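Enquirer: What follows is start-v4.cif, made up of mmCIF, C-alpha atoms:
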```
data_structure
#
loop_
_atom_site.label_atom_id
_atom_site.label_comp_id
_atom_site.auth_asym_id
_atom_site.auth_seq_id
_atom_site.Cartn_x
_atom_site.Cartn_y
_atom_site.Cartn_z
CA MET A 1 -9.92 -30.96 -4.87
CA LEU A 2 -13.03 -30.86 -6.94
CA GLU A 3 -12.54 -31.39 -10.67
CA ASN A 4 -14.13 -29.51 -13.54
CA SER A 5 -17.27 -31.37 -14.61
CA ALA A 6 -16.39 -30.89 -18.27
CA ARG A 7 -13.64 -33.49 -17.80
CA LYS A 8 -15.83 -36.13 -16.27
CA ASP A 9 -18.24 -38.68 -17.61
CA GLN A 10 -21.64 -39.16 -16.05
CA GLY A 11 -20.43 -41.78 -13.56
CA SER A 12 -17.56 -39.71 -12.31
CA PHE A 13 -19.86 -36.71 -12.09
CA GLU A 14 -22.06 -38.61 -9.61
CA ASP A 15 -18.96 -39.52 -7.60
CA GLY A 16 -17.91 -35.88 -7.66
CA LEU A 17 -21.36 -34.75 -6.61
CA GLY A 18 -21.22 -37.01 -3.58
CA ALA A 19 -17.78 -35.75 -2.73
CA ALA A 20 -18.96 -32.17 -3.06
CA LEU A 21 -21.87 -32.77 -0.69
CA LYS A 22 -19.53 -34.40 1.82
CA GLN A 23 -17.10 -31.50 1.49
CA ALA A 24 -19.94 -29.03 1.95
CA GLY A 25 -20.97 -30.70 5.18
CA GLU A 26 -17.41 -30.49 6.48
CA GLU A 27 -17.11 -26.85 5.51
CA PHE A 28 -20.38 -25.89 7.22
CA SER A 29 -18.88 -26.95 10.55
CA VAL A 30 -16.78 -23.78 10.44
CA ALA A 31 -19.08 -21.60 8.36
CA GLY A 32 -20.15 -19.58 11.39
CA ARG A 33 -16.78 -17.91 11.75
CA PRO A 34 -16.80 -14.37 10.36
CA LEU A 35 -14.81 -13.84 7.21
CA LEU A 36 -11.73 -11.75 7.78
CA ASP A 37 -11.46 -8.40 6.07
CA GLY A 38 -9.23 -7.96 3.04
CA GLY A 39 -8.08 -4.68 1.56
CA VAL A 40 -8.08 -3.35 -1.97
CA ALA A 41 -5.00 -1.36 -2.95
CA ARG A 42 -2.30 -1.72 -5.50
CA GLY A 43 -0.68 -5.26 -6.30
CA ARG A 44 2.42 -9.31 -8.36
CA ARG A 45 5.31 -13.51 -10.26
CA ARG A 46 6.17 -16.94 -11.85
CA THR A 47 4.57 -19.42 -14.37
CA VAL A 48 2.08 -18.60 -17.14
CA LEU A 49 -1.37 -17.84 -15.74
CA ARG A 50 -4.21 -20.17 -16.54
CA ARG A 51 -6.71 -17.90 -18.17
CA GLY A 52 -10.47 -18.27 -18.29
CA ALA A 53 -13.56 -16.17 -18.46
CA ALA A 54 -15.68 -18.16 -16.03
CA VAL A 55 -15.71 -21.05 -13.62
CA THR A 56 -18.21 -23.46 -15.14
CA GLY A 57 -19.47 -26.97 -14.54
CA SER A 58 -22.11 -28.40 -12.25
CA VAL A 59 -19.74 -29.51 -9.50
CA ALA A 60 -17.97 -26.15 -9.36
CA ALA A 61 -21.31 -24.35 -9.23
CA LEU A 62 -22.43 -26.66 -6.43
CA ALA A 63 -19.24 -25.86 -4.54
CA VAL A 64 -19.95 -22.14 -4.82
CA ILE A 65 -23.48 -22.48 -3.49
CA GLY A 66 -22.95 -25.27 -0.99
CA LEU A 67 -19.73 -23.93 0.51
CA GLY A 68 -20.92 -20.38 0.97
CA GLY A 69 -18.95 -18.86 -1.88
CA SER A 70 -15.93 -21.17 -1.91
CA LEU A 71 -14.92 -22.57 -5.26
CA VAL A 72 -12.08 -24.26 -7.06
CA THR A 73 -10.01 -21.98 -9.30
CA GLY A 74 -7.85 -22.68 -12.35
CA ASN A 75 -8.17 -24.80 -15.52
CA THR A 76 -11.40 -23.15 -16.60
CA GLY A 77 -10.94 -22.42 -20.29
CA SER A 78 -10.11 -19.10 -21.94
CA SER A 79 -11.80 -16.01 -23.27
CA ARG A 80 -8.74 -14.60 -25.02
CA ASN A 81 -9.99 -15.32 -28.52
CA ALA A 82 -13.47 -14.03 -27.81
CA GLY A 83 -12.19 -10.80 -26.28
CA GLU A 84 -15.00 -10.85 -23.74
CA VAL A 85 -15.28 -11.82 -20.09
CA GLY A 86 -17.75 -14.64 -19.68
CA ALA A 87 -20.29 -14.90 -16.88
CA PRO A 88 -18.57 -15.17 -13.51
CA ALA A 89 -19.00 -18.17 -11.27
CA ALA A 90 -22.27 -18.31 -9.36
CA GLY A 91 -22.11 -16.29 -6.14
CA LEU A 92 -19.11 -14.20 -7.16
CA SER A 93 -18.93 -10.60 -8.33
CA PRO A 94 -17.64 -10.08 -11.90
CA VAL A 95 -14.20 -8.99 -10.68
CA ALA A 96 -13.86 -11.94 -8.29
CA GLY A 97 -15.07 -14.31 -11.01
CA VAL A 98 -12.35 -13.19 -13.42
CA LEU A 99 -9.76 -13.37 -10.65
CA ALA A 100 -10.84 -16.93 -9.83
CA ALA A 101 -10.42 -17.93 -13.47
CA LEU A 102 -6.91 -16.44 -13.67
CA LEU A 103 -5.47 -17.88 -10.46
CA PRO A 104 -3.66 -21.21 -10.17
CA GLU A 105 -5.72 -24.08 -8.80
CA GLY A 106 -6.94 -23.55 -5.28
CA ARG A 107 -9.97 -22.57 -3.22
CA LEU A 108 -11.32 -19.04 -3.24
CA ARG A 109 -13.90 -17.28 -1.10
CA GLU A 110 -15.03 -13.71 -1.75
CA GLN A 111 -15.16 -11.32 1.16
CA PRO A 112 -18.69 -10.02 1.91
CA GLY A 113 -19.24 -6.56 0.45
CA SER A 114 -15.88 -6.47 -1.30
CA ALA A 115 -17.36 -5.55 -4.68
CA ALA A 116 -18.22 -2.13 -3.30
CA GLY A 117 -14.55 -1.31 -3.16
CA GLY A 118 -12.17 -0.48 -0.39
CA THR A 119 -8.52 0.47 -0.64
CA LYS A 120 -5.44 1.50 1.25
CA ASP A 121 -5.75 4.82 -0.55
CA LYS A 122 -8.95 6.10 1.07
CA LYS A 123 -8.99 9.22 -1.12
CA ARG A 124 -9.17 7.20 -4.35
CA PRO A 125 -12.45 5.43 -5.12
CA HIS A 126 -12.34 2.03 -6.80
CA PRO A 127 -15.69 1.53 -8.55
CA SER A 128 -14.91 -2.06 -9.45
CA ALA A 129 -13.11 -4.15 -6.87
CA ALA A 130 -13.07 -7.48 -5.05
CA SER A 131 -11.36 -8.98 -2.03
CA VAL A 132 -11.01 -12.73 -1.60
CA VAL A 133 -9.42 -15.37 0.60
CA TYR A 134 -7.44 -17.80 -1.56
CA ASP A 135 -5.90 -21.13 -0.56
CA ASP A 136 -3.56 -23.02 -2.89
CA GLY A 137 -2.93 -25.74 -0.31
CA HIS A 138 -0.05 -23.91 1.37
CA GLY A 139 -2.08 -21.61 3.60
CA LYS A 140 -4.85 -19.05 3.20
CA ALA A 141 -4.00 -15.64 1.77
CA ALA A 142 -5.93 -12.42 1.23
CA LEU A 143 -5.95 -11.09 -2.34
CA SER A 144 -7.60 -7.97 -3.71
CA VAL A 145 -8.19 -6.43 -7.12
CA SER A 146 -9.26 -2.91 -8.00
CA LEU A 147 -10.09 -1.60 -11.47
CA SER A 148 -10.52 2.02 -12.49
CA ARG A 149 -10.25 4.41 -15.42
CA GLU A 150 -8.00 7.41 -15.04
CA ASN A 151 -6.60 10.26 -17.05
CA PRO A 152 -2.93 9.41 -17.80
CA ASP A 153 -2.27 13.09 -18.50
CA ARG A 154 -2.93 13.82 -14.83
CA LEU A 155 -0.67 11.06 -13.52
CA ASN A 156 0.35 11.28 -9.88
CA GLU A 157 4.02 10.30 -10.05
CA ASP A 158 4.05 9.35 -6.36
CA GLU A 159 1.65 6.50 -7.11
CA PHE A 160 3.96 5.02 -9.76
CA SER A 161 7.29 5.31 -8.00
CA CYS A 162 8.91 3.24 -5.27
CA PRO A 163 8.74 4.40 -1.65
CA ASP A 164 11.63 6.29 -0.11
CA SER A 165 13.77 3.64 1.60
CA ASN A 166 14.79 6.14 4.28
CA VAL A 167 11.16 6.54 5.32
CA ASN A 168 9.63 3.14 4.49
CA THR A 169 11.05 -0.34 4.95
CA PHE A 170 10.46 -2.76 2.07
CA GLU A 171 12.09 -5.82 0.54
CA ASP A 172 12.02 -5.02 -3.17
CA CYS A 173 10.42 -2.54 -5.55
CA THR A 174 10.66 -1.68 -9.25
CA ALA A 175 8.91 1.15 -11.08
CA THR A 176 9.14 1.03 -14.87
CA THR A 177 7.68 2.52 -18.03
CA LEU A 178 6.99 -0.30 -20.48
CA GLU A 179 7.53 -0.20 -24.25
CA ASN A 180 3.84 0.48 -24.88
CA GLY A 181 3.86 3.41 -22.46
CA SER A 182 2.24 1.59 -19.54
CA ARG A 183 3.46 2.37 -16.05
CA LEU A 184 4.08 -0.58 -13.72
CA VAL A 185 5.11 -0.82 -10.08
CA LEU A 186 5.97 -4.18 -8.49
CA PHE A 187 6.39 -4.03 -4.73
CA LYS A 188 7.39 -6.41 -1.92
CA GLY A 189 7.07 -5.12 1.59
CA TRP A 190 5.22 -5.43 4.85
CA GLU A 191 1.76 -4.33 5.91
CA TYR A 192 3.42 -2.46 8.78
CA PRO A 193 6.69 -0.80 7.68
CA ASP A 194 8.06 -1.05 11.24
CA ARG A 195 7.42 -4.82 11.02
CA ARG A 196 5.63 -5.03 14.35
CA GLU A 197 3.84 -7.92 12.65
CA GLU A 198 5.26 -10.18 9.95
CA THR A 199 2.32 -9.72 7.58
CA LYS A 200 3.80 -9.27 4.10
CA TRP A 201 2.11 -7.06 1.50
CA TRP A 202 3.01 -7.46 -2.19
CA TYR A 203 1.33 -5.63 -5.05
CA ALA A 204 1.35 -4.90 -8.78
CA ASN A 205 0.04 -1.53 -9.97
CA LEU A 206 -0.49 -1.05 -13.73
CA LEU A 207 -1.70 2.02 -15.64
CA THR A 208 -2.06 1.64 -19.42
CA PRO A 209 -1.75 4.50 -21.93
CA GLU A 210 -5.54 4.57 -22.38
CA GLY A 211 -6.02 5.02 -18.62
CA TYR A 212 -6.90 1.45 -17.60
CA ARG A 213 -5.64 0.88 -14.07
CA ILE A 214 -5.41 -2.63 -12.61
CA VAL A 215 -4.09 -3.12 -9.08
CA VAL A 216 -3.61 -6.52 -7.43
CA SER A 217 -2.48 -6.94 -3.83
CA GLU A 218 -1.74 -10.04 -1.78
CA TRP A 219 -0.82 -10.88 1.81
CA ASN A 220 0.59 -13.95 3.56
CA ALA A 221 -2.37 -14.00 5.91
CA PRO A 222 -6.14 -14.44 5.40
CA ALA A 223 -6.65 -10.70 6.01
CA GLU A 224 -4.77 -7.49 5.42
CA LYS A 225 -4.76 -6.70 9.15
CA GLY A 226 -5.69 -8.52 12.33
CA ALA A 227 -5.08 -12.12 11.22
CA PRO A 228 -2.13 -14.36 12.10
CA VAL A 229 0.38 -15.08 9.34
CA SER A 230 -0.68 -18.33 7.64
CA ARG A 231 2.24 -18.87 5.24
CA SER A 232 5.82 -17.64 4.78
CA THR A 233 5.07 -15.52 1.70
CA PRO A 234 2.02 -14.46 -0.34
CA PRO A 235 1.01 -17.09 -2.92
CA LEU A 236 2.00 -15.33 -6.17
CA SER A 237 5.48 -14.23 -7.13
CA LEU A 238 6.04 -10.75 -8.57
CA ASP A 239 6.44 -12.21 -12.06
CA ARG A 240 3.09 -13.93 -11.66
CA MET A 241 1.51 -10.74 -10.40
CA LYS A 242 2.87 -8.91 -13.44
CA GLU A 243 1.19 -11.50 -15.66
CA LEU A 244 -2.01 -11.14 -13.68
CA VAL A 245 -2.39 -7.36 -14.04
CA HIS A 246 -1.64 -7.65 -17.78
CA ALA A 247 -4.34 -10.30 -18.36
CA GLU A 248 -6.65 -9.33 -21.23
CA GLU A 249 -9.69 -10.53 -19.28
CA TRP A 250 -9.67 -7.33 -17.18
CA ARG A 251 -10.02 -5.01 -20.18
CA PRO A 252 -13.75 -5.44 -20.88
CA LEU A 253 -14.49 -4.80 -17.20
CA VAL A 254 -12.36 -1.67 -17.07
CA ALA A 255 -13.73 -0.45 -20.42
CA SER A 256 -17.26 -0.66 -19.01
CA LEU A 257 -16.44 1.84 -16.24
CA PRO A 258 -17.24 5.54 -16.67
CA GLU A 259 -14.62 7.53 -18.52
CA PRO A 260 -12.57 9.92 -16.40
CA GLU A 261 -13.09 13.63 -16.75
CA LYS A 262 -11.25 14.93 -19.78
CA GLN A 263 -10.24 18.07 -17.96
CA ALA A 264 -10.64 18.00 -14.23
CA PRO A 265 -11.10 21.34 -12.47
CA ALA A 266 -7.82 23.04 -11.77
CA GLN A 267 -6.48 22.13 -8.36
CA PRO A 268 -5.41 24.95 -6.07
CA ALA A 269 -1.71 25.17 -5.39
CA PRO A 270 -0.67 23.43 -2.17
CA LYS A 271 -0.85 25.77 0.80
CA GLY A 272 2.36 26.54 2.59
CA LEU A 273 5.93 25.85 1.54
CA SER A 274 6.91 23.25 -1.01
CA GLY A 275 8.94 20.28 0.10
CA ALA A 276 11.87 21.48 -2.00
CA VAL A 277 11.93 24.87 -0.27
CA ILE A 278 11.63 23.26 3.16
CA LEU A 279 14.53 20.92 2.39
CA ASP A 280 16.75 23.78 1.23
CA ARG A 281 16.01 25.86 4.32
CA LEU A 282 16.44 22.93 6.69
CA THR A 283 19.81 22.01 5.17
CA ALA A 284 21.01 25.62 5.44
CA GLN A 285 20.25 25.68 9.18
CA LEU A 286 21.94 22.43 10.21
CA PRO A 287 24.70 22.85 12.82
CA ASP A 288 28.34 22.70 11.76
CA GLY A 289 29.97 19.30 11.75
CA LEU A 290 27.05 17.42 10.19
CA THR A 291 27.32 15.81 6.76
CA VAL A 292 24.11 15.18 4.82
CA LYS A 293 24.14 11.56 3.63
CA ALA A 294 20.62 11.45 2.17
CA SER A 295 17.56 13.65 1.86
CA GLY A 296 14.00 13.59 0.63
CA LYS A 297 10.77 15.55 0.51
CA GLN A 298 7.09 15.47 -0.30
CA GLU A 299 5.32 17.85 -2.66
CA ALA A 300 4.55 20.20 0.22
CA GLU A 301 4.98 20.63 3.97
CA TYR A 302 7.55 17.88 4.64
CA ALA A 303 11.24 17.11 4.17
CA TYR A 304 13.96 15.06 5.84
CA VAL A 305 17.74 14.65 5.93
CA VAL A 306 20.00 11.83 7.11
CA VAL A 307 23.08 13.35 8.73
CA ASP A 308 26.31 11.99 10.19
CA ASP A 309 28.82 13.65 12.51
CA GLY A 310 31.23 10.71 12.53
CA ARG A 311 29.34 8.89 15.29
CA GLY A 312 26.64 7.34 13.13
CA ARG A 313 23.68 8.31 10.98
CA SER A 314 20.75 10.29 12.36
CA PHE A 315 17.36 10.85 10.73
CA VAL A 316 15.92 14.38 10.97
CA GLN A 317 12.45 15.25 9.69
CA ILE A 318 10.46 18.48 9.63
CA ASN A 319 6.81 19.41 9.02
CA VAL A 320 5.90 22.99 8.15
CA GLN A 321 2.11 23.34 8.17
CA PRO A 322 0.37 26.65 7.44
CA ASP A 323 -2.68 26.33 9.70
CA MET A 324 -2.93 23.69 12.41
CA SER A 325 -4.69 25.71 15.07
CA ASP A 326 -7.57 23.26 15.16
CA VAL A 327 -5.34 20.51 16.60
CA GLU A 328 -3.71 22.58 19.32
CA GLY A 329 -5.49 20.82 22.19
CA ASP A 330 -3.18 19.47 24.88
CA LEU A 331 -0.15 19.46 22.56
CA PHE A 332 0.73 22.81 24.11
CA GLY A 333 -0.37 22.28 27.68
CA ALA A 334 1.77 22.18 30.81
CA GLY A 335 5.39 23.05 30.20
CA THR A 336 4.69 25.20 27.15
CA GLU A 337 7.00 28.15 26.62
CA VAL A 338 5.36 31.26 25.11
CA LEU A 339 7.67 33.61 23.21
CA PRO A 340 7.14 37.41 23.08
CA ASP A 341 5.45 37.15 19.67
CA GLY A 342 2.95 34.60 21.04
CA THR A 343 4.64 31.51 19.56
CA LYS A 344 4.17 28.43 21.71
CA VAL A 345 7.12 26.06 22.04
CA VAL A 346 7.32 22.53 23.49
CA THR A 347 10.36 20.27 23.45
CA ARG A 348 10.11 16.53 24.00
CA GLU A 349 12.42 13.53 24.12
CA GLY A 350 11.87 9.84 24.70
CA PRO A 351 11.64 6.50 22.89
CA GLY A 352 10.96 6.62 19.15
CA GLU A 353 7.46 5.58 18.13
CA LYS A 354 8.85 3.38 15.34
CA GLY A 355 12.02 1.44 14.70
CA GLY A 356 13.91 -1.18 16.64
CA ALA A 357 15.45 -1.41 20.07
CA GLY A 358 17.19 1.61 21.48
CA VAL A 359 15.64 4.25 19.18
CA LYS A 360 15.36 7.68 20.80
CA MET A 361 13.62 10.80 19.54
CA ARG A 362 14.06 14.48 20.27
CA GLN A 363 11.48 16.97 19.08
CA ALA A 364 10.72 20.68 19.04
CA ASP A 365 7.08 21.58 18.35
CA THR A 366 6.05 25.20 17.71
CA MET A 367 2.81 26.99 16.96
CA ARG A 368 2.48 30.64 15.90
CA PRO A 369 -0.63 32.57 17.01
CA ASP A 370 -2.21 32.16 13.53
CA GLY A 371 -1.82 28.36 13.64
CA PHE A 372 1.41 28.18 11.61
CA ARG A 373 3.13 25.10 12.99
CA VAL A 374 6.69 23.79 12.65
CA VAL A 375 7.63 20.41 14.12
CA ILE A 376 11.17 19.02 13.79
CA SER A 377 12.30 15.63 15.12
CA ALA A 378 15.68 13.87 15.27
CA PHE A 379 16.35 10.17 15.83
CA ASN A 380 19.43 8.16 16.72
CA ALA A 381 18.85 5.92 13.68
CA GLY A 382 19.37 6.29 9.94
CA ASN A 383 15.65 6.05 9.16
CA GLN A 384 12.33 5.84 10.94
CA ASN A 385 12.14 2.05 10.96
CA GLU A 386 15.60 0.70 11.74
CA ALA A 387 17.30 0.06 15.07
CA ALA A 388 19.53 2.65 16.75
CA THR A 389 22.77 3.41 14.92
CA ARG A 390 24.24 5.78 17.54
CA GLU A 391 23.85 6.62 21.22
CA GLU A 392 21.87 9.88 20.84
CA PRO A 393 20.24 11.86 17.99
CA ALA A 394 22.70 14.13 16.18
CA LEU A 395 20.89 17.36 17.15
CA THR A 396 20.27 18.58 20.69
CA LEU A 397 16.90 19.90 21.89
CA ALA A 398 18.34 23.43 21.85
CA GLN A 399 19.42 23.04 18.22
CA LEU A 400 16.03 21.66 17.19
CA ARG A 401 14.27 24.50 19.03
CA LYS A 402 16.42 27.07 17.21
CA ILE A 403 15.51 25.61 13.80
CA ALA A 404 11.79 25.32 14.60
CA THR A 405 11.50 28.92 15.83
CA SER A 406 13.55 30.39 12.97
CA THR A 407 11.96 33.18 10.95
CA VAL A 408 13.00 31.48 7.68
CA TRP A 409 9.78 29.44 7.66
CA ARG A 410 7.62 32.60 7.28
CA LYS A 411 9.54 34.10 4.34
#
```
What does the file become when written as structure tokens?
Expert:
Amino acid sequence: MLENSARKDQGSFEDGLGAALKQAGEEFSVAGRPLLDGGVARGRRRTVLRRGAAVTGSVAALAVIGLGGSLVTGNTGSSRNAGEVGAPAAGLSPVAGVLAALLPEGRLREQPGSAAGGTKDKKRPHPSAASVVYDDGHGKAALSVSLSRENPDRLNEDEFSCPDSNVNTFEDCTATTLENGSRLVLFKGWEYPDRREETKWWYANLLTPEGYRIVVSEWNAPAEKGAPVSRSTPPLSLDRMKELVHAEEWRPLVASLPEPEKQAPAQPAPKGLSGAVILDRLTAQLPDGLTVKASGKQEAEYAYVVVDDGRGRSFVQINVQPDMSDVEGDLFGAGTEVLPDGTKVVTREGPGEKGGAGVKMRQADTMRPDGFRVVISAFNAGNQNEAATREEPALTLAQLRKIATSTVWRK
């Protein structure tokens, strides 16, 4: 690994320069391969971070230029006393430069165009972001950082709470409010909740009382999607990720972003029924003999229950959407039943789209003439991602059809 030139005398610098040129030649043999995409989202653990404002030194700069953006991270000094972020390493965006200075020693390459942003949450812009491929000697890993300023008074609680374990599979998650009022989520899970690939996704998501949001994500592969797993776990533990999002070096970058609107325009109330109302009405219509073991909901249009009739747990979910006429298409084609009031009804059963071996799904899908749609599904598993826990779903097609066509959804 290249050494920081500040630690070398003139003779060793010349040795290092030769080594850098040799390394550059070796790296160019594979430089034609396209860089794999990395995502920006929300992001995590162990020893104290080495902090620095910039990667400096002639050899490091040569590595950045000669290796197409690859550089050595770690052991680069500190900006903590100055309170400012120094100039980033040559060839890196400001966010990637700070990230390089904060990471343990390793090689880092910024993804082309990553500074423009990009995130799992497509509805939320990230005006300052970077995606990199990082290698600490134990395999390449994708890392991403996003910075933004937000109004804490308009906090979306869903973004700072752990996923519902009955709907999403994950390894570990904590959501806490810190002593200074900051909100922090630390998450360990998989890129695909059904684990069709073993790509792990860990993240730390921090929102400070003044509205500074820092999100760091990491994967155990060189890209968020579409790349083979290159190591057993992402490179940074959750404790290390917590240290990373709290690093003072991010603050000047976040402070330079535009302030959020003091009072955003009032948002219209969600159309349709709230999740709480849907859950209450669903529970009231369940057949006799079923015990509700768990339940959950979204703000609007969706709810679920986990029921058991003594033969195992069964996951039941329902969507009540006020106007879905534009997606009718072939969903209500051959085999559609049309009720006297014009409601279209289709029942389906077959393998579950998610989950493990043996998962079955039954579904009743209905559409009123004005586009009001109710879809209810039952599975022979306790959640959407696990293997079958019983022979058949707890509700029959006739029972699902009765619930979906009930008049309670229009009250």
Enquirer: Go through A:Arg313, A:Arg348, A:Arg281, A:Lys188 one by one, measure the shortest atom-to-atom distance of each to Ile403 in chain A using all atoms listed in the file, and give the residue with the smallest value.
Expert: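 When distances to Ile403 in chain A are compared using all atoms listed in the file, the smallest one comes from A:Arg281.
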Enquirer: Between CA of Val216 in chain A and CA of Val98 in chain A, what distance in Å does the model show, to one decimal?
Expert: 12.5 Å
Enquirer: My list of candidates is A:Ala223, A:Leu186, A:Ala100, A:Ala404. Which is closest to Ala141 in chain A when distances are computed with all atoms listed in the file?
Expert: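 Smallest distance to Ala141 in chain A is found for A:Ala223.
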Enquirer: Here's the selection I'm unsure about, the PyMOL selection byres ((chain A and resi 193-206) around 9); applied to the file above, which residues does it give, as number ranges by chain?
Expert: A: 41-44, 159-160, 167-170, 182-192, 207-208, 212-221, 224-225, 227-229, 232-234, 236-238, 241-242, 244-246, 354-356, 384-386
Enquirer: How far is it from CA of Tyr134 in chain A to CA of Arg240 in chain A, in Å with one decimal?
Expert: 15.1 Å
Enquirer: At a cut-off of 8 Å, using all atoms listed in the file, what residues contact Phe379 in chain A? Leave out same-chain residues fewer than 6 positions from it and give the result as a PyMOL selection string.
Expert: chain A and resi 314-316+352+359-362+392-394
Enquirer: So what does the PyMOL selection byres ((chain A and resi 211) around 12) actually pick up in this one, as a list in words?
Expert: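 The output of the PyMOL selection byres ((chain A and resi 211) around 12) on this file is Leu147, Ser148, Arg149, Glu150, Asn151, Pro152, Asp153, Arg154, Leu155, Gly181, Ser182, Arg183, Leu206, Leu207, Thr208, Pro209, Glu210, Tyr212, Arg213, Ile214, Arg251, Val254, Ala255, Leu257, Pro258, Glu259, Pro260, Glu261 and Lys262 of chain A.
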Enquirer: Between A:Arg109, A:Lys344, A:Arg401, A:Arg311, single out the one closest to Gln285 in chain A, counting all atoms listed in the file.
Expert: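 Using all atoms listed in the file, the shortest distance to Gln285 in chain A belongs to A:Arg401.
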Enquirer: Reconstruct N, CA, C and O atoms of range 310-322 of chain A from the incomplete input and present them as an mmCIF file, keeping the file's coordinate frame.
Expert:
```cif
data_model
loop_
_atom_site.group_PDB
_atom_site.id
_atom_site.type_symbol
_atom_site.label_atom_id
_atom_site.label_comp_id
_atom_site.auth_asym_id
_atom_site.auth_seq_id
_atom_site.Cartn_x
_atom_site.Cartn_y
_atom_site.Cartn_z
ATOM 1 N N GLY A 310 30.127 11.619 12.254
ATOM 2 C CA GLY A 310 31.230 10.710 12.530
ATOM 3 C C GLY A 310 30.906 9.692 13.592
ATOM 4 O O GLY A 310 31.700 8.768 13.829
ATOM 5 N N ARG A 311 29.735 9.842 14.240
ATOM 6 C CA ARG A 311 29.340 8.890 15.290
ATOM 7 C C ARG A 311 28.134 8.053 14.884
ATOM 8 O O ARG A 311 27.535 7.378 15.708
ATOM 9 N N GLY A 312 27.771 8.127 13.594
ATOM 10 C CA GLY A 312 26.640 7.340 13.130
ATOM 11 C C GLY A 312 25.580 8.212 12.481
ATOM 12 O O GLY A 312 25.525 9.438 12.679
ATOM 13 N N ARG A 313 24.713 7.578 11.722
ATOM 14 C CA ARG A 313 23.680 8.310 10.980
ATOM 15 C C ARG A 313 22.505 8.660 11.880
ATOM 16 O O ARG A 313 22.157 7.922 12.810
ATOM 17 N N SER A 314 21.889 9.803 11.581
ATOM 18 C CA SER A 314 20.750 10.290 12.360
ATOM 19 C C SER A 314 19.707 10.852 11.404
ATOM 20 O O SER A 314 20.022 11.656 10.525
ATOM 21 N N PHE A 315 18.467 10.430 11.581
ATOM 22 C CA PHE A 315 17.360 10.850 10.730
ATOM 23 C C PHE A 315 16.705 12.093 11.334
ATOM 24 O O PHE A 315 16.359 12.105 12.526
ATOM 25 N N VAL A 316 16.528 13.123 10.513
ATOM 26 C CA VAL A 316 15.920 14.380 10.970
ATOM 27 C C VAL A 316 14.782 14.728 10.008
ATOM 28 O O VAL A 316 15.002 14.828 8.798
ATOM 29 N N GLN A 317 13.595 14.917 10.536
ATOM 30 C CA GLN A 317 12.450 15.250 9.690
ATOM 31 C C GLN A 317 11.767 16.520 10.199
ATOM 32 O O GLN A 317 11.820 16.832 11.382
ATOM 33 N N ILE A 318 11.118 17.224 9.271
ATOM 34 C CA ILE A 318 10.460 18.480 9.630
ATOM 35 C C ILE A 318 9.140 18.605 8.882
ATOM 36 O O ILE A 318 9.042 18.271 7.704
ATOM 37 N N ASN A 319 8.119 19.075 9.584
ATOM 38 C CA ASN A 319 6.810 19.410 9.020
ATOM 39 C C ASN A 319 6.572 20.890 9.199
ATOM 40 O O ASN A 319 6.707 21.404 10.312
ATOM 41 N N VAL A 320 6.225 21.572 8.107
ATOM 42 C CA VAL A 320 5.900 22.990 8.150
ATOM 43 C C VAL A 320 4.485 23.134 7.619
ATOM 44 O O VAL A 320 4.249 23.034 6.412
ATOM 45 N N GLN A 321 3.534 23.372 8.531
ATOM 46 C CA GLN A 321 2.110 23.340 8.170
ATOM 47 C C GLN A 321 1.493 24.715 8.392
ATOM 48 O O GLN A 321 1.647 25.304 9.475
ATOM 49 N N PRO A 322 0.791 25.250 7.391
ATOM 50 C CA PRO A 322 0.370 26.650 7.440
ATOM 51 C C PRO A 322 -0.728 26.970 8.436
ATOM 52 O O PRO A 322 -0.798 28.092 8.915
#
```
